[in-house]
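K.L.:
Data: final30.csv, CSV, C-alpha atoms and all ligand atoms.
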chain,number,residue,atom,x,y,z
A,1,MET,CA,-16.7,12.1,-14.5
A,2,LEU,CA,-16.6,11.7,-10.7
A,3,ALA,CA,-15.7,8.4,-9.0
A,4,LEU,CA,-15.9,7.6,-5.3
A,5,GLY,CA,-13.7,4.8,-4.0
A,6,ILE,CA,-13.9,2.9,-0.7
A,7,GLU,CA,-10.8,1.2,0.7
A,8,GLY,CA,-11.0,-1.3,3.5
A,9,THR,CA,-8.6,-4.2,3.1
A,10,ALA,CA,-7.0,-4.1,6.6
A,11,HIS,CA,-6.9,-1.6,9.5
A,12,THR,CA,-7.8,1.6,7.5
A,13,VAL,CA,-11.2,2.5,6.1
A,14,GLY,CA,-11.0,5.3,3.6
A,15,VAL,CA,-13.2,7.2,1.1
A,16,GLY,CA,-11.8,9.2,-1.8
A,17,ILE,CA,-13.4,11.1,-4.7
A,18,VAL,CA,-11.4,11.8,-7.9
A,19,ASP,CA,-12.2,13.3,-11.3
A,20,GLU,CA,-11.1,12.1,-14.7
A,21,ARG,CA,-7.8,14.1,-14.5
A,22,CYS,CA,-6.9,12.4,-11.2
A,23,ARG,CA,-7.5,15.5,-9.2
A,24,ILE,CA,-8.1,14.4,-5.7
A,25,LEU,CA,-11.3,16.1,-4.5
A,26,ALA,CA,-11.5,14.3,-1.2
A,27,ASN,CA,-9.4,11.6,0.6
A,28,VAL,CA,-10.6,10.9,4.1
A,29,TYR,CA,-9.8,7.9,6.3
A,30,ASP,CA,-9.7,6.5,9.7
A,31,MET,CA,-7.3,3.9,11.0
A,32,LEU,CA,-8.0,1.3,13.7
A,33,ARG,CA,-5.2,1.5,16.3
A,34,PRO,CA,-5.5,-1.5,18.6
A,35,GLU,CA,-4.4,-0.7,22.2
A,36,LYS,CA,-2.4,-3.9,22.4
A,37,GLY,CA,-1.7,-6.8,20.1
A,38,GLY,CA,-2.3,-7.0,16.4
A,39,ILE,CA,-5.3,-6.4,14.3
A,40,HIS,CA,-8.3,-8.6,14.8
A,41,PRO,CA,-10.2,-9.0,11.5
A,42,ARG,CA,-13.6,-8.8,13.1
A,43,GLU,CA,-12.8,-5.8,15.2
A,44,ALA,CA,-11.4,-4.0,12.1
A,45,ALA,CA,-14.6,-4.9,10.2
A,46,ASN,CA,-16.7,-3.5,13.0
A,47,HIS,CA,-14.6,-0.3,12.9
A,48,HIS,CA,-15.1,0.0,9.1
A,49,ALA,CA,-18.8,-0.7,9.5
A,50,GLU,CA,-19.2,2.1,12.0
A,51,LEU,CA,-17.1,4.6,10.1
A,52,VAL,CA,-17.8,4.0,6.4
A,53,VAL,CA,-21.1,5.9,6.2
A,54,PRO,CA,-19.8,9.0,8.1
A,55,LEU,CA,-16.7,8.9,5.9
A,56,ILE,CA,-18.8,8.8,2.7
A,57,ALA,CA,-20.7,11.8,3.9
A,58,LYS,CA,-17.5,13.6,4.9
A,59,SER,CA,-15.9,13.0,1.6
A,60,ALA,CA,-18.8,14.5,-0.3
A,61,GLY,CA,-18.6,17.5,2.0
A,62,VAL,CA,-14.8,17.9,1.5
A,63,ALA,CA,-15.3,17.6,-2.3
A,64,GLY,CA,-18.2,20.0,-2.3
A,65,ILE,CA,-20.5,17.7,-4.2
A,66,GLU,CA,-23.7,15.9,-3.7
A,67,LEU,CA,-23.6,12.0,-3.7
A,68,HIS,CA,-26.0,12.3,-6.7
A,69,ASP,CA,-23.1,13.9,-8.7
A,70,LEU,CA,-21.2,10.7,-8.6
A,71,ASP,CA,-20.8,8.6,-11.8
A,72,LEU,CA,-19.1,5.5,-10.4
A,73,ILE,CA,-18.5,3.6,-7.1
A,74,ALA,CA,-15.3,1.6,-6.7
A,75,PHE,CA,-14.2,-0.5,-3.8
A,76,SER,CA,-11.2,-2.6,-2.7
A,77,GLN,CA,-12.2,-6.1,-3.7
A,78,GLY,CA,-9.0,-7.8,-2.4
A,79,PRO,CA,-6.5,-8.9,-1.3
A,80,GLY,CA,-7.1,-8.4,2.4
A,81,LEU,CA,-9.0,-9.5,5.5
A,82,GLY,CA,-12.3,-11.2,4.7
A,83,PRO,CA,-14.6,-9.5,7.2
A,84,CYS,CA,-13.1,-6.1,6.3
A,85,LEU,CA,-13.5,-6.7,2.5
A,86,ARG,CA,-17.1,-7.9,2.9
A,87,THR,CA,-18.0,-4.8,5.0
A,88,VAL,CA,-16.8,-2.3,2.5
A,89,ALA,CA,-18.1,-4.3,-0.5
A,90,THR,CA,-21.6,-4.2,1.2
A,91,ALA,CA,-21.3,-0.5,1.6
A,92,ALA,CA,-20.2,0.0,-2.0
A,93,ARG,CA,-23.1,-2.1,-3.3
A,94,ALA,CA,-25.7,-0.3,-1.3
A,95,LEU,CA,-24.3,3.1,-2.4
A,96,ALA,CA,-24.1,2.1,-6.1
A,97,LEU,CA,-27.6,0.6,-6.1
A,98,SER,CA,-29.2,3.6,-4.3
A,99,LEU,CA,-27.5,6.1,-6.7
A,100,ASP,CA,-28.1,3.8,-9.7
A,101,VAL,CA,-24.5,4.1,-10.9
A,102,PRO,CA,-22.0,1.4,-11.9
A,103,ILE,CA,-19.8,-0.4,-9.4
A,104,LEU,CA,-16.3,-1.8,-9.9
A,105,GLY,CA,-14.2,-3.9,-7.6
A,106,VAL,CA,-10.5,-2.9,-7.6
A,107,ASN,CA,-7.4,-4.8,-6.8
A,108,HIS,CA,-5.7,-3.1,-3.9
A,109,CYS,CA,-2.1,-3.6,-5.0
A,110,VAL,CA,-2.8,-2.4,-8.5
A,111,ALA,CA,-4.4,0.7,-7.0
A,112,HIS,CA,-1.2,1.6,-5.2
A,113,LEU,CA,0.6,1.6,-8.5
A,114,GLU,CA,-2.1,3.4,-10.5
A,115,ILE,CA,-2.5,6.3,-8.1
A,116,GLY,CA,1.3,6.8,-8.3
A,117,ARG,CA,1.1,7.0,-12.1
A,118,GLY,CA,-1.9,9.3,-11.7
A,119,VAL,CA,-0.4,11.9,-9.5
A,120,THR,CA,3.3,11.8,-10.4
A,121,ASP,CA,5.0,11.9,-13.8
A,122,ALA,CA,5.8,8.2,-13.7
A,123,LYS,CA,4.7,6.5,-16.9
A,124,ASP,CA,5.9,2.9,-16.8
A,125,PRO,CA,7.6,2.4,-13.4
A,126,VAL,CA,8.7,-0.5,-11.4
A,127,LEU,CA,6.6,-0.2,-8.2
A,128,LEU,CA,8.2,-1.0,-4.8
A,129,TYR,CA,5.1,-1.6,-2.8
A,130,VAL,CA,6.0,-1.7,0.9
A,131,SER,CA,3.2,-1.7,3.5
A,132,GLY,CA,2.3,-3.6,6.6
A,133,GLY,CA,1.0,-6.8,5.0
A,134,ASN,CA,2.5,-6.5,1.5
A,135,THR,CA,6.0,-6.2,0.1
A,136,GLN,CA,6.2,-6.6,-3.6
A,137,VAL,CA,8.1,-5.4,-6.6
A,138,ILE,CA,5.6,-5.0,-9.4
A,139,ALA,CA,6.0,-4.0,-13.1
A,140,PHE,CA,3.8,-3.9,-16.2
A,141,ALA,CA,4.6,-6.7,-18.7
A,142,ARG,CA,2.4,-8.3,-21.4
A,143,GLY,CA,-0.9,-6.8,-20.4
A,144,ARG,CA,-0.6,-7.4,-16.7
A,145,TYR,CA,1.1,-6.1,-13.5
A,146,ARG,CA,3.4,-8.9,-12.7
A,147,VAL,CA,5.1,-9.5,-9.3
A,148,PHE,CA,8.8,-9.9,-9.9
A,149,GLY,CA,9.8,-10.1,-6.3
A,150,GLU,CA,8.0,-10.3,-3.0
A,151,THR,CA,8.5,-11.2,0.7
A,152,LEU,CA,8.6,-14.9,1.4
A,153,ASP,CA,7.2,-14.4,4.9
A,154,ILE,CA,6.1,-11.1,6.6
A,155,GLY,CA,5.7,-7.6,5.1
A,156,ILE,CA,8.3,-5.0,5.8
A,157,GLY,CA,5.8,-2.9,7.7
A,158,ASN,CA,4.9,-5.9,9.8
A,159,LEU,CA,8.6,-6.4,10.7
A,160,LEU,CA,8.7,-2.8,11.9
A,161,ASP,CA,5.4,-2.9,13.7
A,162,LYS,CA,6.1,-6.2,15.4
A,163,PHE,CA,9.5,-5.3,16.5
A,164,ALA,CA,8.2,-2.0,17.9
A,165,ARG,CA,5.3,-3.8,19.7
A,166,GLU,CA,7.6,-6.3,21.3
A,167,CYS,CA,9.7,-3.4,22.6
A,168,GLY,CA,6.6,-1.7,24.1
A,169,LEU,CA,6.3,1.0,21.5
A,170,ALA,CA,3.0,2.2,20.1
A,171,PHE,CA,1.3,1.2,16.8
A,172,PRO,CA,2.2,1.9,14.0
A,173,GLY,CA,5.9,1.3,14.8
A,174,GLY,CA,7.4,2.3,11.5
A,175,PRO,CA,7.4,6.1,12.0
A,176,ILE,CA,8.6,5.7,15.6
A,177,LEU,CA,11.5,3.6,14.5
A,178,GLU,CA,12.3,6.1,11.8
A,179,ASN,CA,12.7,8.8,14.4
A,180,LEU,CA,14.7,6.6,16.8
A,181,ALA,CA,17.0,5.6,13.9
A,182,LEU,CA,18.0,9.2,13.4
A,183,GLN,CA,19.5,9.3,16.9
A,184,ARG,CA,22.2,6.5,16.4
A,185,SER,CA,24.4,5.1,13.7
A,186,ARG,CA,25.9,1.9,15.0
A,187,LEU,CA,25.3,-0.9,12.6
A,188,LEU,CA,24.5,-4.2,14.4
A,189,PRO,CA,24.7,-7.5,12.6
A,190,LEU,CA,21.3,-8.6,11.3
A,191,PRO,CA,20.6,-11.3,8.7
A,192,TYR,CA,20.5,-10.0,5.1
A,193,SER,CA,18.0,-12.3,3.4
A,194,VAL,CA,17.6,-11.9,-0.4
A,195,LYS,CA,16.8,-14.8,-2.7
A,196,GLY,CA,16.8,-13.7,-6.4
A,197,MET,CA,14.2,-10.9,-6.4
A,198,ASP,CA,12.5,-12.1,-3.1
A,199,VAL,CA,13.2,-11.1,0.4
A,200,ALA,CA,12.5,-12.5,3.9
A,201,PHE,CA,12.2,-10.6,7.2
A,202,SER,CA,11.2,-12.9,10.0
A,203,GLY,CA,14.8,-14.0,10.7
A,204,MET,CA,15.7,-10.3,11.1
A,205,LEU,CA,12.8,-9.8,13.6
A,206,THR,CA,14.0,-12.8,15.7
A,207,ALA,CA,17.6,-11.6,15.5
A,208,ALA,CA,16.8,-8.0,16.4
A,209,LEU,CA,14.7,-9.1,19.4
A,210,ALA,CA,17.5,-11.3,20.6
A,211,LEU,CA,19.9,-8.4,20.4
A,212,ARG,CA,17.4,-6.3,22.4
A,213,THR,CA,17.3,-9.0,25.1
A,214,HIS,CA,21.1,-8.8,25.3
A,215,GLY,CA,21.0,-5.1,25.9
A,216,ALA,CA,21.3,-3.4,22.4
A,217,SER,CA,19.7,0.1,22.4
A,218,LEU,CA,16.4,0.7,20.6
A,219,GLU,CA,18.1,3.5,18.6
A,220,ASP,CA,20.9,1.2,17.4
A,221,LEU,CA,18.4,-1.5,16.6
A,222,ALA,CA,16.0,0.9,14.8
A,223,PHE,CA,18.9,2.2,12.7
A,224,SER,CA,20.2,-1.3,11.9
A,225,ILE,CA,16.9,-2.7,11.0
A,226,GLN,CA,16.3,0.2,8.6
A,227,GLU,CA,19.7,0.0,7.0
A,228,VAL,CA,19.6,-3.8,6.4
A,229,ALA,CA,15.9,-4.2,5.5
A,230,PHE,CA,15.9,-1.2,3.2
A,231,ALA,CA,19.2,-2.3,1.5
A,232,MET,CA,17.5,-5.6,0.8
A,233,LEU,CA,14.5,-3.8,-0.8
A,234,THR,CA,16.7,-1.5,-2.8
A,235,GLU,CA,18.7,-4.5,-4.1
A,236,VAL,CA,15.7,-6.4,-5.3
A,237,THR,CA,14.1,-3.3,-6.8
A,238,GLU,CA,17.3,-2.6,-8.8
A,239,ARG,CA,17.4,-6.2,-10.0
A,240,ALA,CA,13.8,-6.0,-11.2
A,241,MET,CA,14.5,-2.7,-13.0
A,242,ALA,CA,17.5,-4.2,-14.8
A,243,HIS,CA,15.5,-7.4,-15.6
A,244,VAL,CA,12.5,-5.6,-17.1
A,245,ASP,CA,14.6,-2.7,-18.4
A,246,LYS,CA,12.6,0.2,-16.9
A,247,GLU,CA,13.9,3.6,-16.0
A,248,GLU,CA,11.4,4.6,-13.4
A,249,VAL,CA,10.8,3.5,-9.9
A,250,LEU,CA,7.7,4.3,-7.9
A,251,LEU,CA,7.3,3.9,-4.2
A,252,GLY,CA,3.9,3.0,-2.7
A,253,GLY,CA,2.5,1.6,0.6
A,254,GLY,CA,2.8,3.1,4.1
A,255,VAL,CA,6.6,2.4,4.5
A,256,ALA,CA,7.2,4.5,1.3
A,257,ARG,CA,6.8,7.5,3.6
A,258,ASN,CA,10.2,6.6,5.2
A,259,ARG,CA,12.8,9.2,4.4
A,260,ARG,CA,15.7,6.7,4.7
A,261,LEU,CA,14.1,4.3,2.3
A,262,GLN,CA,13.4,7.1,-0.2
A,263,GLU,CA,17.0,8.2,0.1
A,264,MET,CA,18.4,4.7,-0.6
A,265,VAL,CA,16.1,3.9,-3.5
A,266,GLY,CA,16.6,7.4,-4.9
A,267,ARG,CA,20.4,6.9,-4.8
A,268,MET,CA,20.1,3.6,-6.5
A,269,ALA,CA,17.9,5.1,-9.2
A,270,SER,CA,20.2,8.1,-9.9
A,271,ASP,CA,23.2,5.8,-10.0
A,272,ARG,CA,21.6,3.9,-12.9
A,273,GLY,CA,20.3,7.1,-14.6
A,274,ALA,CA,16.7,6.3,-13.6
A,275,THR,CA,14.1,8.4,-11.8
A,276,MET,CA,12.3,7.8,-8.5
A,277,PHE,CA,8.8,9.0,-7.8
A,278,VAL,CA,7.1,9.2,-4.4
A,279,PRO,CA,3.4,10.1,-4.2
A,280,PRO,CA,2.3,12.4,-1.3
A,281,GLY,CA,2.1,10.5,2.0
A,282,ASP,CA,-1.7,10.4,2.1
A,283,LEU,CA,-1.7,8.6,-1.2
A,284,CYS,CA,1.1,6.1,-0.2
A,285,ILE,CA,-0.9,4.6,2.7
A,286,ASP,CA,-4.1,2.7,2.1
A,287,ASN,CA,-6.6,5.3,0.9
A,288,GLY,CA,-9.9,5.6,-1.0
A,289,ALA,CA,-8.6,8.0,-3.7
A,290,MET,CA,-6.4,5.3,-5.2
A,291,ILE,CA,-9.4,2.9,-5.4
A,292,ALA,CA,-11.6,5.7,-7.0
A,293,TRP,CA,-8.9,6.5,-9.5
A,294,THR,CA,-8.2,2.9,-10.5
A,295,GLY,CA,-12.0,2.3,-10.8
A,296,LEU,CA,-12.3,5.3,-13.0
A,297,GLU,CA,-9.5,4.1,-15.3
A,298,MET,CA,-11.0,0.7,-15.5
A,299,HIS,CA,-14.5,2.1,-16.3
A,300,ARG,CA,-13.0,4.3,-19.0
A,301,ALA,CA,-11.5,1.3,-20.6
A,302,GLY,CA,-14.9,-0.5,-20.7
A,303,VAL,CA,-14.6,-2.7,-17.6
A,304,ARG,CA,-18.1,-3.4,-16.2
A,305,MET,CA,-19.2,-5.6,-13.3
A,306,THR,CA,-22.6,-6.8,-12.1
A,307,ILE,CA,-23.4,-6.8,-8.4
A,308,ARG,CA,-23.0,-10.6,-8.6
A,309,GLY,CA,-19.5,-10.1,-9.9
A,310,THR,CA,-18.4,-8.0,-6.9
A,311,THR,CA,-17.7,-10.9,-4.6
A,312,VAL,CA,-14.6,-10.2,-2.6
A,313,ASP,CA,-11.4,-12.2,-3.0
A,314,GLN,CA,-9.0,-12.3,0.1
A,315,ARG,CA,-6.2,-13.6,-2.1
A,316,TYR,CA,-6.8,-11.5,-5.2
A,317,ARG,CA,-3.5,-11.6,-7.0
A,318,THR,CA,-1.9,-8.6,-8.7
A,319,ASP,CA,-1.4,-10.5,-11.9
A,320,GLU,CA,-5.0,-11.8,-12.1
A,321,VAL,CA,-6.1,-8.3,-13.3
A,322,SER,CA,-6.2,-7.8,-17.0
A,323,VAL,CA,-4.9,-4.3,-17.4
A,324,THR,CA,-6.9,-3.1,-20.4
A,325,TRP,CA,-6.6,0.6,-19.6
A,326,ARG,CA,-3.0,0.9,-20.5
B,401,LIG,P1,-1.6,-3.3,3.2
B,401,LIG,O1,-3.1,-3.7,3.4
B,401,LIG,O2,-1.4,-2.8,1.8
B,401,LIG,O3,-0.7,-4.3,3.6
B,401,LIG,P2,-1.3,-1.7,5.5
B,401,LIG,O4,-2.7,-2.0,6.0
B,401,LIG,O5,-0.2,-2.1,6.2
B,401,LIG,O6,-1.4,-2.0,4.0
B,401,LIG,P3,-0.4,1.1,4.9
B,401,LIG,O7,-1.2,2.2,5.4
B,401,LIG,O8,-0.1,1.0,3.4
B,401,LIG,O9,-1.3,-0.1,5.4
B,401,LIG,O10,1.0,1.0,5.7
B,401,LIG,C1,1.1,0.9,7.1
B,401,LIG,C2,2.5,0.6,7.4
B,401,LIG,O11,3.4,1.6,7.0
B,401,LIG,C3,2.7,0.3,8.9
B,401,LIG,O12,3.4,-0.9,9.0
B,401,LIG,C4,3.5,1.5,9.3
B,401,LIG,O13,4.4,1.1,10.4
B,401,LIG,C5,4.3,1.8,8.1
B,401,LIG,N1,4.8,3.2,8.1
B,401,LIG,C6,4.1,4.3,8.0
B,401,LIG,N2,4.9,5.4,8.1
B,401,LIG,C7,6.2,4.9,8.1
B,401,LIG,C8,7.5,5.5,8.2
B,401,LIG,N3,7.7,6.8,8.2
B,401,LIG,N4,8.5,4.6,8.2
B,401,LIG,C9,8.4,3.3,8.2
B,401,LIG,N5,7.2,2.7,8.1
B,401,LIG,C10,6.1,3.5,8.1
B,402,FE2,FE,-1.9,-1.2,0.9
I need this file expressed as C-alpha cells, please.
Ligand code: ATP
Ligand code: FE2

P.N.:
Amino acid sequence: MLALGIEGTAHTVGVGIVDERCRILANVYDMLRPEKGGIHPREAANHHAELVVPLIAKSAGVAGIELHDLDLIAFSQGPGLGPCLRTVATAARALALSLDVPILGVNHCVAHLEIGRGVTDAKDPVLLYVSGGNTQVIAFARGRYRVFGETLDIGIGNLLDKFARECGLAFPGGPILENLALQRSRLLPLPYSVKGMDVAFSGMLTAALALRTHGASLEDLAFSIQEVAFAMLTEVTERAMAHVDKEEVLLGGGVARNRRLQEMVGRMASDRGATMFVPPGDLCIDNGAMIAWTGLEMHRAGVRMTIRGTTVDQRYRTDEVSVTWR
C-alpha cells in the first residue's frame, strides 16, 4: 500500500510518500522564509498553493512511482493557520478525487509522534514535541494521545526565532543560536518558568532582550537561553515520564534537531534507565511523510472519511483523535 501525505499547517509545505512498512519513498518540502517579520498566514497559503502541485510531481519522481500507484491521500487537517490548512486540504481533495482513492485528514501533532514510532524502535514513548508554534509533552493513555504538559504562552521555537529576529539574525533562528551557543559558556540569569508539567517562555524572551540592550553578548545569551529553556523542557518531560510510568522518550518537531536539547533529554533518560529516540532531522520538522504514515495507519485500522468530513480545524486538539490503530 502506498500513501501520499501533504503537510501544510504553517510555513512549510511538504509531500511525502510511504509504504506499509514505513519506508520513506519520498519526502520533499519547501519552507517559506519571510525576509522580515513573522509569517503572514495568507502569504504562507499563497506559497503553499504555488508549490504543492510541483512538490506532488516531484515526490512521485523521487519515489519512482506514478500517481496512479497511490492507494491513499492524507493531509494535515489541523491544528494550524486557517488559510494554509484550507490550501493543502483543497489540493488533497482534488488529488484524491482525480485518482479515485480514499482521503484522510490527519492531526499534525499526532503525526509527529507516529512517524517517530514508525522509524525508530520506540513503542510507547512520551513525546516531547518542540517546534515553532507547539511545545507539548504527549503520551498515549486510555485510547488517546493526551497532552500532559504544554507551553502556556509561546512555543520554544518561537522563543528562539523571535529572539533571533529582534537581534537581527535570519529566520529560522534556532539553528543559528545553536551555533552561537557553542562559542560561549557564561550562564546569565533568565526566568525558569515551570508550573507542574507546563512551561512558559515569554518572560524569558523579554528578559533576554533586556540583557541584550544592556550589552550582553549574543553568544552568552544564546547559550543561556538554551540552557534554561531546555532544562525546563527536560524537567517537565521527566515529570510526565514518571507520572505515566513510561520508559521511552521520543523527540519531535524542528527544535528536536538541537544537539544540546538531545544531550540534556538523553542524559535525563539514561539517569532513569529509560531510552531516548530521535528521528532523522527531515522527519522531525514539519513534513509530508509523517502525514502519509499516520494516514496509512489510520486507514489500516478502518478509519474512513467522506470529502465532507475533511473540513479543516485550526484548533484540532491532540486528544480529540480516537487512536484506534494502536
Ligand atoms: P509547528 O507547525 O508544528 O509549530 P513549525 O512550523 O514551527 O511547526 P518545524 O519545522 O517543526 O515547524 O520547526 C521549526 C522550528 O524549529 C523553528 O522555530 C526553528 O528555529 C527550530 N529549529 C530548527 N532547527 C533547530 C536547531 N538546530 N536548534 C533549535 N531550534 C531549531
Ligand atoms: Fe509541527

K.L.:
Show which residues sit within 12 Å of Ala292 of chain A, as a PDB file with C-alpha atoms, in the coordinates of the input. Count only C-alpha atoms, and ignore same-chain residues fewer than 5 positions away.

P.N.:
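Written output follows (out-v5.pdb):
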ATOM      1  CA  MET A   1     -16.700  12.100 -14.500  1.00  0.00           C
ATOM      2  CA  LEU A   2     -16.600  11.700 -10.700  1.00  0.00           C
ATOM      3  CA  ALA A   3     -15.700   8.400  -9.000  1.00  0.00           C
ATOM      4  CA  LEU A   4     -15.900   7.600  -5.300  1.00  0.00           C
ATOM      5  CA  GLY A   5     -13.700   4.800  -4.000  1.00  0.00           C
ATOM      6  CA  ILE A   6     -13.900   2.900  -0.700  1.00  0.00           C
ATOM      7  CA  GLU A   7     -10.800   1.200   0.700  1.00  0.00           C
ATOM      8  CA  GLY A  14     -11.000   5.300   3.600  1.00  0.00           C
ATOM      9  CA  VAL A  15     -13.200   7.200   1.100  1.00  0.00           C
ATOM     10  CA  GLY A  16     -11.800   9.200  -1.800  1.00  0.00           C
ATOM     11  CA  ILE A  17     -13.400  11.100  -4.700  1.00  0.00           C
ATOM     12  CA  VAL A  18     -11.400  11.800  -7.900  1.00  0.00           C
ATOM     13  CA  ASP A  19     -12.200  13.300 -11.300  1.00  0.00           C
ATOM     14  CA  GLU A  20     -11.100  12.100 -14.700  1.00  0.00           C
ATOM     15  CA  ARG A  21      -7.800  14.100 -14.500  1.00  0.00           C
ATOM     16  CA  CYS A  22      -6.900  12.400 -11.200  1.00  0.00           C
ATOM     17  CA  ARG A  23      -7.500  15.500  -9.200  1.00  0.00           C
ATOM     18  CA  ILE A  24      -8.100  14.400  -5.700  1.00  0.00           C
ATOM     19  CA  LEU A  25     -11.300  16.100  -4.500  1.00  0.00           C
ATOM     20  CA  ALA A  26     -11.500  14.300  -1.200  1.00  0.00           C
ATOM     21  CA  ASN A  27      -9.400  11.600   0.600  1.00  0.00           C
ATOM     22  CA  LEU A  70     -21.200  10.700  -8.600  1.00  0.00           C
ATOM     23  CA  ASP A  71     -20.800   8.600 -11.800  1.00  0.00           C
ATOM     24  CA  LEU A  72     -19.100   5.500 -10.400  1.00  0.00           C
ATOM     25  CA  ILE A  73     -18.500   3.600  -7.100  1.00  0.00           C
ATOM     26  CA  ALA A  74     -15.300   1.600  -6.700  1.00  0.00           C
ATOM     27  CA  PHE A  75     -14.200  -0.500  -3.800  1.00  0.00           C
ATOM     28  CA  SER A  76     -11.200  -2.600  -2.700  1.00  0.00           C
ATOM     29  CA  ALA A  92     -20.200   0.000  -2.000  1.00  0.00           C
ATOM     30  CA  ILE A 103     -19.800  -0.400  -9.400  1.00  0.00           C
ATOM     31  CA  LEU A 104     -16.300  -1.800  -9.900  1.00  0.00           C
ATOM     32  CA  GLY A 105     -14.200  -3.900  -7.600  1.00  0.00           C
ATOM     33  CA  VAL A 106     -10.500  -2.900  -7.600  1.00  0.00           C
ATOM     34  CA  ASN A 107      -7.400  -4.800  -6.800  1.00  0.00           C
ATOM     35  CA  HIS A 108      -5.700  -3.100  -3.900  1.00  0.00           C
ATOM     36  CA  ALA A 111      -4.400   0.700  -7.000  1.00  0.00           C
ATOM     37  CA  HIS A 112      -1.200   1.600  -5.200  1.00  0.00           C
ATOM     38  CA  GLU A 114      -2.100   3.400 -10.500  1.00  0.00           C
ATOM     39  CA  ILE A 115      -2.500   6.300  -8.100  1.00  0.00           C
ATOM     40  CA  GLY A 118      -1.900   9.300 -11.700  1.00  0.00           C
ATOM     41  CA  LEU A 283      -1.700   8.600  -1.200  1.00  0.00           C
ATOM     42  CA  ASN A 287      -6.600   5.300   0.900  1.00  0.00           C
ATOM     43  CA  GLU A 297      -9.500   4.100 -15.300  1.00  0.00           C
ATOM     44  CA  MET A 298     -11.000   0.700 -15.500  1.00  0.00           C
ATOM     45  CA  HIS A 299     -14.500   2.100 -16.300  1.00  0.00           C
TER      46      HIS A 299
END

K.L.:
For Val126 of chain A, find every residue with an atom within 7 Å (counting only C-alpha atoms), except residues of its own chain fewer than 5 positions away, and show them as a list in words.

P.N.:
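Contacts, with the query itself left out: Val137, Ile138, Ala139, Met241, Lys246, Glu248, Val249 and Leu250 of chain A.
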
K.L.:
Would you save the residues of that selection, restricted to C-alpha atoms, as a PDB file, in the coordinates of the input?

P.N.:
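The resulting result-v7.pdb:
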ATOM      1  CA  VAL A 137       8.100  -5.400  -6.600  1.00  0.00           C
ATOM      2  CA  ILE A 138       5.600  -5.000  -9.400  1.00  0.00           C
ATOM      3  CA  ALA A 139       6.000  -4.000 -13.100  1.00  0.00           C
ATOM      4  CA  MET A 241      14.500  -2.700 -13.000  1.00  0.00           C
ATOM      5  CA  LYS A 246      12.600   0.200 -16.900  1.00  0.00           C
ATOM      6  CA  GLU A 248      11.400   4.600 -13.400  1.00  0.00           C
ATOM      7  CA  VAL A 249      10.800   3.500  -9.900  1.00  0.00           C
ATOM      8  CA  LEU A 250       7.700   4.300  -7.900  1.00  0.00           C
TER       9      LEU A 250
END

K.L.:
So, with only C-alpha atoms and all ligand atoms as the atoms that count, which of A:Pro79, A:Gly196, A:Gly309, A:Gly37 lies closest to ligand LIG 401 (chain B)?

P.N.:
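Under the stated criterion, the closest residue is A:Pro79.
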
K.L.:
Between A:Val199, A:Glu238, A:Cys167, A:Asn158, which has the minimum distance to Ser217 of chain A (counting all atoms listed in the file)?

P.N.:
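Once distances to Ser217 of chain A are computed over all atoms listed in the file, the minimum belongs to A:Cys167.
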
K.L.:
Would you mind listing what lies within 12 Å of Pro175 of chain A as a PyMOL selection string, with all atoms listed in the file counted and same-chain residues fewer than 2 positions away left out?

P.N.:
chain A and resi 157+160-161+164+169-173+177-182+222+226+254-261

K.L.:
Residues within 7 Å of ligand FE2 402 (chain B) should be enumerated using only C-alpha atoms and all ligand atoms and returned as a list of chain:residue names.

P.N.:
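Checking only C-alpha atoms and all ligand atoms against ligand FE2 402 (chain B) at 7 Å gives A:His108, A:Cys109, A:His112, A:Ser131, A:Asn134, A:Gly253, A:Ile285, A:Asp286.
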
K.L.:
Have a look at A:Ile65, A:Leu233, A:Ile225, A:Met268 and name the one nearest to Asp198 of chain A; count only C-alpha atoms.

P.N.:
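Of A:Ile65, A:Leu233, A:Ile225, A:Met268, the one nearest Asp198 of chain A is A:Leu233, counting only C-alpha atoms.
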
K.L.:
Which residues are near Pro189 of chain A? Cut-off 10 Å, all atoms listed in the file, ignore same chain within fewer than 6 positions. Put them as a PDB file with C-alpha atoms, keeping the file's coordinate frame.

P.N.:
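Okay, this is what ended up in selection.pdb:
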ATOM      1  CA  MET A 204      15.700 -10.300  11.100  1.00  0.00           C
ATOM      2  CA  ALA A 207      17.600 -11.600  15.500  1.00  0.00           C
ATOM      3  CA  ALA A 208      16.800  -8.000  16.400  1.00  0.00           C
ATOM      4  CA  LEU A 211      19.900  -8.400  20.400  1.00  0.00           C
ATOM      5  CA  LEU A 221      18.400  -1.500  16.600  1.00  0.00           C
ATOM      6  CA  SER A 224      20.200  -1.300  11.900  1.00  0.00           C
ATOM      7  CA  ILE A 225      16.900  -2.700  11.000  1.00  0.00           C
ATOM      8  CA  VAL A 228      19.600  -3.800   6.400  1.00  0.00           C
TER       9      VAL A 228
END

K.L.:
Return the single residue from A:Asp124, A:Asp282, A:Glu247, A:Asp69 that is closest to ligand LIG 401 (chain B), with distances computed using all atoms listed in the file.

P.N.:
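Of A:Asp124, A:Asp282, A:Glu247, A:Asp69, the one nearest ligand LIG 401 (chain B) is A:Asp282, counting all atoms listed in the file.
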
K.L.:
When distances are computed from all atoms listed in the file, which of A:Arg326, A:Thr151, A:Ala96, A:Leu51 shows the smallest separation from Met305 of chain A?

P.N.:
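Result for the nearest residue to Met305 of chain A: A:Ala96.
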
K.L.:
Separation of atom CA of Phe163 of chain A and atom O13 of ligand LIG 401 (chain B), in Å?

P.N.:
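Straight-line distance from atom CA of Phe163 of chain A to atom O13 of ligand LIG 401 (chain B) works out to 10.2 Å.
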
K.L.:
Can you pull out every residue within 9 Å of Leu81 of chain A, counting only C-alpha atoms, but drop anything in the same chain fewer than 2 positions away, and send it as a list in words?

P.N.:
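Contacts, in chain order: Gly8, Thr9, Ala10, Pro41, Arg42, Ala44, Ala45, Gly78, Pro79, Pro83, Cys84, Leu85, Arg86 and Gln314 of chain A.
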
K.L.:
Given the selection you just returned, output its residues as a file containing C-alpha atoms, formatted as a short mmCIF file (atom, residue, chain, number, x, y, z; two decimals), in the coordinates of the input.

P.N.:
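Once everything was written out, this is again_13.cif:
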data_model
loop_
_atom_site.label_atom_id
_atom_site.label_comp_id
_atom_site.auth_asym_id
_atom_site.auth_seq_id
_atom_site.Cartn_x
_atom_site.Cartn_y
_atom_site.Cartn_z
CA GLY A 8 -11.00 -1.30 3.50
CA THR A 9 -8.60 -4.20 3.10
CA ALA A 10 -7.00 -4.10 6.60
CA PRO A 41 -10.20 -9.00 11.50
CA ARG A 42 -13.60 -8.80 13.10
CA ALA A 44 -11.40 -4.00 12.10
CA ALA A 45 -14.60 -4.90 10.20
CA GLY A 78 -9.00 -7.80 -2.40
CA PRO A 79 -6.50 -8.90 -1.30
CA PRO A 83 -14.60 -9.50 7.20
CA CYS A 84 -13.10 -6.10 6.30
CA LEU A 85 -13.50 -6.70 2.50
CA ARG A 86 -17.10 -7.90 2.90
CA GLN A 314 -9.00 -12.30 0.10
#
